[in-house]
file data23.pdb (PDB, C-alpha atoms)
ATOM      1  CA  MET A   1     -11.342  -9.627  65.053
ATOM      2  CA  ALA A   2     -12.041 -11.009  61.576
ATOM      3  CA  ASP A   3      -9.965  -9.525  58.816
ATOM      4  CA  GLU A   4     -11.670  -8.798  55.557
ATOM      5  CA  PRO A   5     -10.256 -10.779  52.635
ATOM      6  CA  ILE A   6      -8.177  -8.866  50.138
ATOM      7  CA  THR A   7      -9.973  -8.512  46.825
ATOM      8  CA  LEU A   8      -9.126  -7.000  43.506
ATOM      9  CA  THR A   9     -11.304  -6.018  40.590
ATOM     10  CA  LEU A  10      -9.847  -5.183  37.209
ATOM     11  CA  SER A  11     -10.975  -1.899  35.718
ATOM     12  CA  PRO A  12     -12.219  -1.848  32.121
ATOM     13  CA  PHE A  13      -8.970  -0.085  31.172
ATOM     14  CA  GLU A  14      -6.876  -2.857  32.760
ATOM     15  CA  LYS A  15      -8.952  -5.514  31.009
ATOM     16  CA  LEU A  16      -8.419  -3.760  27.681
ATOM     17  CA  GLN A  17      -4.665  -3.546  28.285
ATOM     18  CA  ILE A  18      -4.553  -7.246  29.159
ATOM     19  CA  LEU A  19      -6.418  -8.164  25.976
ATOM     20  CA  ARG A  20      -4.186  -5.988  23.803
ATOM     21  CA  LYS A  21      -1.022  -7.457  25.322
ATOM     22  CA  GLU A  22      -2.321 -11.003  24.923
ATOM     23  CA  GLN A  23      -3.272 -10.317  21.322
ATOM     24  CA  ALA A  24       0.231  -9.051  20.545
ATOM     25  CA  ASP A  25       1.909 -11.941  22.401
ATOM     26  CA  ARG A  26      -0.251 -14.657  20.831
ATOM     27  CA  THR A  27       0.187 -13.123  17.342
ATOM     28  CA  ALA A  28       3.961 -13.230  17.770
ATOM     29  CA  GLU A  29       3.693 -16.827  18.996
ATOM     30  CA  LEU A  30       1.564 -17.708  15.960
ATOM     31  CA  ASP A  31       4.092 -16.145  13.580
ATOM     32  CA  SER A  32       6.884 -18.167  15.155
ATOM     33  CA  LEU A  33       4.843 -21.355  15.060
ATOM     34  CA  GLU A  34       3.955 -20.862  11.400
ATOM     35  CA  ALA A  35       7.628 -20.394  10.549
ATOM     36  CA  GLU A  36       8.419 -23.645  12.367
ATOM     37  CA  ILE A  37       5.652 -25.471  10.488
ATOM     38  CA  ARG A  38       6.967 -24.184   7.157
ATOM     39  CA  GLU A  39      10.470 -25.343   8.035
ATOM     40  CA  ARG A  40       9.280 -28.809   9.025
ATOM     41  CA  LEU A  41       7.077 -29.131   5.934
ATOM     42  CA  TYR A  42      10.052 -28.230   3.786
ATOM     43  CA  ARG A  43      12.110 -30.967   5.434
ATOM     44  CA  VAL A  44       9.301 -33.514   4.936
ATOM     45  CA  GLU A  45       8.935 -32.598   1.271
ATOM     46  CA  ARG A  46      12.704 -32.630   0.778
ATOM     47  CA  ARG A  47      12.828 -36.119   2.225
ATOM     48  CA  LYS A  48       9.971 -37.309  -0.008
ATOM     49  CA  TYR A  49      11.762 -35.939  -3.030
ATOM     50  CA  LEU A  50      15.048 -37.644  -2.136
ATOM     51  CA  ASP A  51      13.247 -40.923  -1.387
ATOM     52  CA  SER A  52      11.598 -40.759  -4.802
ATOM     53  CA  MET A  53      15.001 -40.460  -6.491
ATOM     54  CA  SER A  54      16.650 -43.437  -4.852
ATOM     55  CA  SER A  55      15.875 -46.167  -2.354
ATOM     56  CA  TYR A  56      19.198 -45.367  -0.706
ATOM     57  CA  TYR A  57      17.613 -42.497   1.245
ATOM     58  CA  ALA A  58      14.807 -44.662   2.572
ATOM     59  CA  SER A  59      17.056 -47.497   3.657
ATOM     60  CA  HIS A  60      20.178 -45.690   4.881
ATOM     61  CA  THR A  61      19.048 -42.410   6.420
ATOM     62  CA  ALA A  62      16.548 -41.604   9.129
ATOM     63  CA  PRO A  63      13.788 -39.080   8.395
ATOM     64  CA  ASP A  64      14.378 -35.591   9.810
ATOM     65  CA  VAL A  65      10.764 -34.908  10.690
ATOM     66  CA  GLU A  66       7.770 -37.139  11.169
ATOM     67  CA  PRO A  67       4.512 -35.950   9.574
ATOM     68  CA  THR A  68       2.797 -36.431  12.954
ATOM     69  CA  ASP A  69       5.044 -33.664  14.360
ATOM     70  CA  VAL A  70       3.704 -31.284  11.736
ATOM     71  CA  ALA A  71       0.121 -32.369  12.455
ATOM     72  CA  SER A  72       0.460 -31.591  16.166
ATOM     73  CA  LEU A  73       1.943 -28.183  15.358
ATOM     74  CA  GLU A  74      -0.928 -27.526  12.945
ATOM     75  CA  GLN A  75      -3.387 -28.344  15.738
ATOM     76  CA  GLN A  76      -1.619 -25.852  18.008
ATOM     77  CA  ARG A  77      -1.725 -23.279  15.196
ATOM     78  CA  GLN A  78      -5.500 -23.699  14.840
ATOM     79  CA  GLU A  79      -5.959 -23.273  18.600
ATOM     80  CA  LEU A  80      -3.867 -20.092  18.594
ATOM     81  CA  LYS A  81      -5.810 -18.680  15.647
ATOM     82  CA  ALA A  82      -9.088 -19.364  17.469
ATOM     83  CA  LEU A  83      -7.759 -17.699  20.631
ATOM     84  CA  ILE A  84      -6.605 -14.609  18.725
ATOM     85  CA  GLN A  85     -10.014 -14.369  17.051
ATOM     86  CA  THR A  86     -11.717 -14.624  20.448
ATOM     87  CA  ILE A  87      -9.525 -11.828  21.812
ATOM     88  CA  LYS A  88     -10.259  -9.678  18.743
ATOM     89  CA  THR A  89     -13.995 -10.044  19.326
ATOM     90  CA  GLN A  90     -13.692  -9.299  23.054
ATOM     91  CA  ILE A  91     -11.967  -5.926  22.561
ATOM     92  CA  PRO A  92     -14.868  -4.188  20.735
ATOM     93  CA  GLN A  93     -17.357  -5.764  23.144
ATOM     94  CA  LEU A  94     -15.414  -4.363  26.092
ATOM     95  CA  LEU A  95     -15.239  -0.924  24.469
ATOM     96  CA  THR A  96     -18.972  -0.955  23.737
ATOM     97  CA  ALA A  97     -19.888  -2.072  27.253
ATOM     98  CA  SER A  98     -17.419   0.304  28.948
ATOM     99  CA  PRO A  99     -16.485   3.379  26.907
ATOM    100  CA  GLU A 100     -14.215   4.444  29.791
ATOM    101  CA  ALA A 101     -11.963   1.478  28.989
ATOM    102  CA  GLU A 102      -9.914   3.715  26.681
ATOM    103  CA  THR A 103      -8.848   5.977  29.549
ATOM    104  CA  PRO A 104      -6.912   4.820  32.594
ATOM    105  CA  PRO A 105      -8.512   5.217  36.015
ATOM    106  CA  ALA A 106      -7.346   8.152  38.094
ATOM    107  CA  GLY A 107      -4.911   6.014  40.081
ATOM    108  CA  LEU A 108      -3.224   4.760  36.903
ATOM    109  CA  ALA A 109      -3.110   8.021  35.011
ATOM    110  CA  SER A 110       0.284   9.486  34.269
ATOM    111  CA  PRO A 111       1.293  12.213  36.680
ATOM    112  CA  ALA A 112       0.594  15.771  35.619
ATOM    113  CA  ARG A 113       3.477  17.613  34.019
ATOM    114  CA  LYS A 114       5.521  19.435  36.608
ATOM    115  CA  LEU A 115       5.595  23.168  36.164
ATOM    116  CA  ARG A 116       8.844  25.042  36.118
ATOM    117  CA  PHE A 117       8.673  26.485  39.622
ATOM    118  CA  ASP A 118       6.706  23.819  41.466
ATOM    119  CA  SER A 119       9.451  23.366  44.035
ATOM    120  CA  PHE A 120       9.073  26.844  45.492
TER     121      PHE A 120
END
call {"tool": "encode", "arguments": {"input": "data23.pdb", "output": "structure tokens"}}
result
Amino acid sequence: MADEPITLTLSPFEKLQILRKEQADRTAELDSLEAEIRERLYRVERRKYLDSMSSYYASHTAPDVEPTDVASLEQQRQELKALIQTIKTQIPQLLTASPEAETPPAGLASPARKLRFDSF
């Protein structure tokens, strides 16, 4: 007796929910990353300013942040921005292709409100 393999197909509603969650998560990640980049850029510029005032800083203290660190974070930022844009374009396409994506399938719908005397 051969068992049938278990399969799963996402409904348009589930796909839409996945995209919306990913968009929110990646946007929060981008905000955090941009704050980190700003902080590192500030430290780089601070160091440049101090180095320009005196050679002491260049010869006696180690730099806080390497510019290559900022460059790699900027690359990650660009990738996140591209991903978010891709997600933003997928949502309207999904809604156009499947108008039912806005409503959950019957199995996922919230249960009907219980009436006052349903237990009798």
call {"tool": "residues_around", "arguments": {"input": "data23.pdb", "residues": "Val70 of chain A", "least_positions_apart": "6", "cutoff": "8 Å", "atoms": "only C-alpha atoms", "output": "ChimeraX atom specification"}}
result
/A:37,40-41
call {"tool": "residues_around", "arguments": {"input": "data23.pdb", "residues": "segment 14-28 of chain A", "least_positions_apart": "2", "cutoff": "7 Å", "atoms": "all atoms listed in the file", "output": "PDB file with C-alpha atoms, in the coordinates of the input"}}
result
ATOM      1  CA  LEU A  10      -9.847  -5.183  37.209  1.00  0.00           C
ATOM      2  CA  SER A  11     -10.975  -1.899  35.718  1.00  0.00           C
ATOM      3  CA  PRO A  12     -12.219  -1.848  32.121  1.00  0.00           C
ATOM      4  CA  LEU A  30       1.564 -17.708  15.960  1.00  0.00           C
ATOM      5  CA  ASP A  31       4.092 -16.145  13.580  1.00  0.00           C
ATOM      6  CA  SER A  32       6.884 -18.167  15.155  1.00  0.00           C
ATOM      7  CA  LEU A  80      -3.867 -20.092  18.594  1.00  0.00           C
ATOM      8  CA  ILE A  84      -6.605 -14.609  18.725  1.00  0.00           C
ATOM      9  CA  ILE A  87      -9.525 -11.828  21.812  1.00  0.00           C
ATOM     10  CA  ILE A  91     -11.967  -5.926  22.561  1.00  0.00           C
ATOM     11  CA  ALA A 101     -11.963   1.478  28.989  1.00  0.00           C
TER      12      ALA A 101
END
call {"tool": "atom_distance", "arguments": {"input": "data23.pdb", "atom1": "atom CA of Glu79 of chain A", "atom2": "atom CA of Glu34 of chain A"}}
result
12.5 Å
call {"tool": "atom_distance", "arguments": {"input": "data23.pdb", "atom1": "atom CA of Val44 of chain A", "atom2": "atom CA of Ala58 of chain A"}}
result
12.7 Å
call {"tool": "atom_distance", "arguments": {"input": "data23.pdb", "atom1": "atom CA of Val65 of chain A", "atom2": "atom CA of Arg46 of chain A"}}
result
10.4 Å
call {"tool": "closest_residue", "arguments": {"input": "data23.pdb", "among": "A:Arg77, A:Pro5, A:Glu29, A:Pro63", "to": "Asp51 of chain A", "atoms": "only C-alpha atoms"}}
result
A:Pro63
call {"tool": "build_atoms", "arguments": {"input": "data23.pdb", "residues": "segment 23-42 of chain A", "atoms": "N, CA and C atoms", "output": "PDB file, in the frame of the given file"}}
result
ATOM      1  N   GLN A  23      -3.142 -10.244  22.775  1.00  0.00           N
ATOM      2  CA  GLN A  23      -3.272 -10.317  21.322  1.00  0.00           C
ATOM      3  C   GLN A  23      -1.898 -10.178  20.663  1.00  0.00           C
ATOM      4  N   ALA A  24      -1.112  -9.246  21.108  1.00  0.00           N
ATOM      5  CA  ALA A  24       0.231  -9.051  20.545  1.00  0.00           C
ATOM      6  C   ALA A  24       1.116 -10.273  20.823  1.00  0.00           C
ATOM      7  N   ASP A  25       1.078 -10.781  22.041  1.00  0.00           N
ATOM      8  CA  ASP A  25       1.909 -11.941  22.401  1.00  0.00           C
ATOM      9  C   ASP A  25       1.512 -13.194  21.620  1.00  0.00           C
ATOM     10  N   ARG A  26       0.205 -13.465  21.537  1.00  0.00           N
ATOM     11  CA  ARG A  26      -0.251 -14.657  20.831  1.00  0.00           C
ATOM     12  C   ARG A  26      -0.014 -14.535  19.320  1.00  0.00           C
ATOM     13  N   THR A  27      -0.096 -13.321  18.761  1.00  0.00           N
ATOM     14  CA  THR A  27       0.187 -13.123  17.342  1.00  0.00           C
ATOM     15  C   THR A  27       1.657 -13.398  17.060  1.00  0.00           C
ATOM     16  N   ALA A  28       2.530 -12.942  17.931  1.00  0.00           N
ATOM     17  CA  ALA A  28       3.961 -13.230  17.770  1.00  0.00           C
ATOM     18  C   ALA A  28       4.226 -14.730  17.896  1.00  0.00           C
ATOM     19  N   GLU A  29       3.546 -15.385  18.829  1.00  0.00           N
ATOM     20  CA  GLU A  29       3.693 -16.827  18.996  1.00  0.00           C
ATOM     21  C   GLU A  29       3.206 -17.564  17.748  1.00  0.00           C
ATOM     22  N   LEU A  30       2.097 -17.097  17.172  1.00  0.00           N
ATOM     23  CA  LEU A  30       1.564 -17.708  15.960  1.00  0.00           C
ATOM     24  C   LEU A  30       2.536 -17.553  14.794  1.00  0.00           C
ATOM     25  N   ASP A  31       3.111 -16.373  14.649  1.00  0.00           N
ATOM     26  CA  ASP A  31       4.092 -16.145  13.580  1.00  0.00           C
ATOM     27  C   ASP A  31       5.272 -17.095  13.705  1.00  0.00           C
ATOM     28  N   SER A  32       5.761 -17.263  14.907  1.00  0.00           N
ATOM     29  CA  SER A  32       6.884 -18.167  15.155  1.00  0.00           C
ATOM     30  C   SER A  32       6.498 -19.616  14.857  1.00  0.00           C
ATOM     31  N   LEU A  33       5.321 -19.998  15.289  1.00  0.00           N
ATOM     32  CA  LEU A  33       4.843 -21.355  15.060  1.00  0.00           C
ATOM     33  C   LEU A  33       4.672 -21.634  13.565  1.00  0.00           C
ATOM     34  N   GLU A  34       4.134 -20.670  12.834  1.00  0.00           N
ATOM     35  CA  GLU A  34       3.955 -20.862  11.400  1.00  0.00           C
ATOM     36  C   GLU A  34       5.300 -20.993  10.687  1.00  0.00           C
ATOM     37  N   ALA A  35       6.291 -20.258  11.133  1.00  0.00           N
ATOM     38  CA  ALA A  35       7.628 -20.394  10.549  1.00  0.00           C
ATOM     39  C   ALA A  35       8.187 -21.797  10.820  1.00  0.00           C
ATOM     40  N   GLU A  36       7.969 -22.297  12.016  1.00  0.00           N
ATOM     41  CA  GLU A  36       8.419 -23.645  12.367  1.00  0.00           C
ATOM     42  C   GLU A  36       7.712 -24.707  11.519  1.00  0.00           C
ATOM     43  N   ILE A  37       6.406 -24.527  11.318  1.00  0.00           N
ATOM     44  CA  ILE A  37       5.652 -25.471  10.488  1.00  0.00           C
ATOM     45  C   ILE A  37       6.186 -25.462   9.059  1.00  0.00           C
ATOM     46  N   ARG A  38       6.427 -24.265   8.513  1.00  0.00           N
ATOM     47  CA  ARG A  38       6.967 -24.184   7.157  1.00  0.00           C
ATOM     48  C   ARG A  38       8.315 -24.896   7.045  1.00  0.00           C
ATOM     49  N   GLU A  39       9.155 -24.704   8.037  1.00  0.00           N
ATOM     50  CA  GLU A  39      10.470 -25.343   8.035  1.00  0.00           C
ATOM     51  C   GLU A  39      10.330 -26.862   8.077  1.00  0.00           C
ATOM     52  N   ARG A  40       9.464 -27.355   8.918  1.00  0.00           N
ATOM     53  CA  ARG A  40       9.280 -28.809   9.025  1.00  0.00           C
ATOM     54  C   ARG A  40       8.648 -29.381   7.758  1.00  0.00           C
ATOM     55  N   LEU A  41       7.685 -28.664   7.184  1.00  0.00           N
ATOM     56  CA  LEU A  41       7.077 -29.131   5.934  1.00  0.00           C
ATOM     57  C   LEU A  41       8.114 -29.192   4.813  1.00  0.00           C
ATOM     58  N   TYR A  42       8.990 -28.217   4.787  1.00  0.00           N
ATOM     59  CA  TYR A  42      10.052 -28.230   3.786  1.00  0.00           C
ATOM     60  C   TYR A  42      10.915 -29.484   3.948  1.00  0.00           C
TER      61      TYR A  42
END
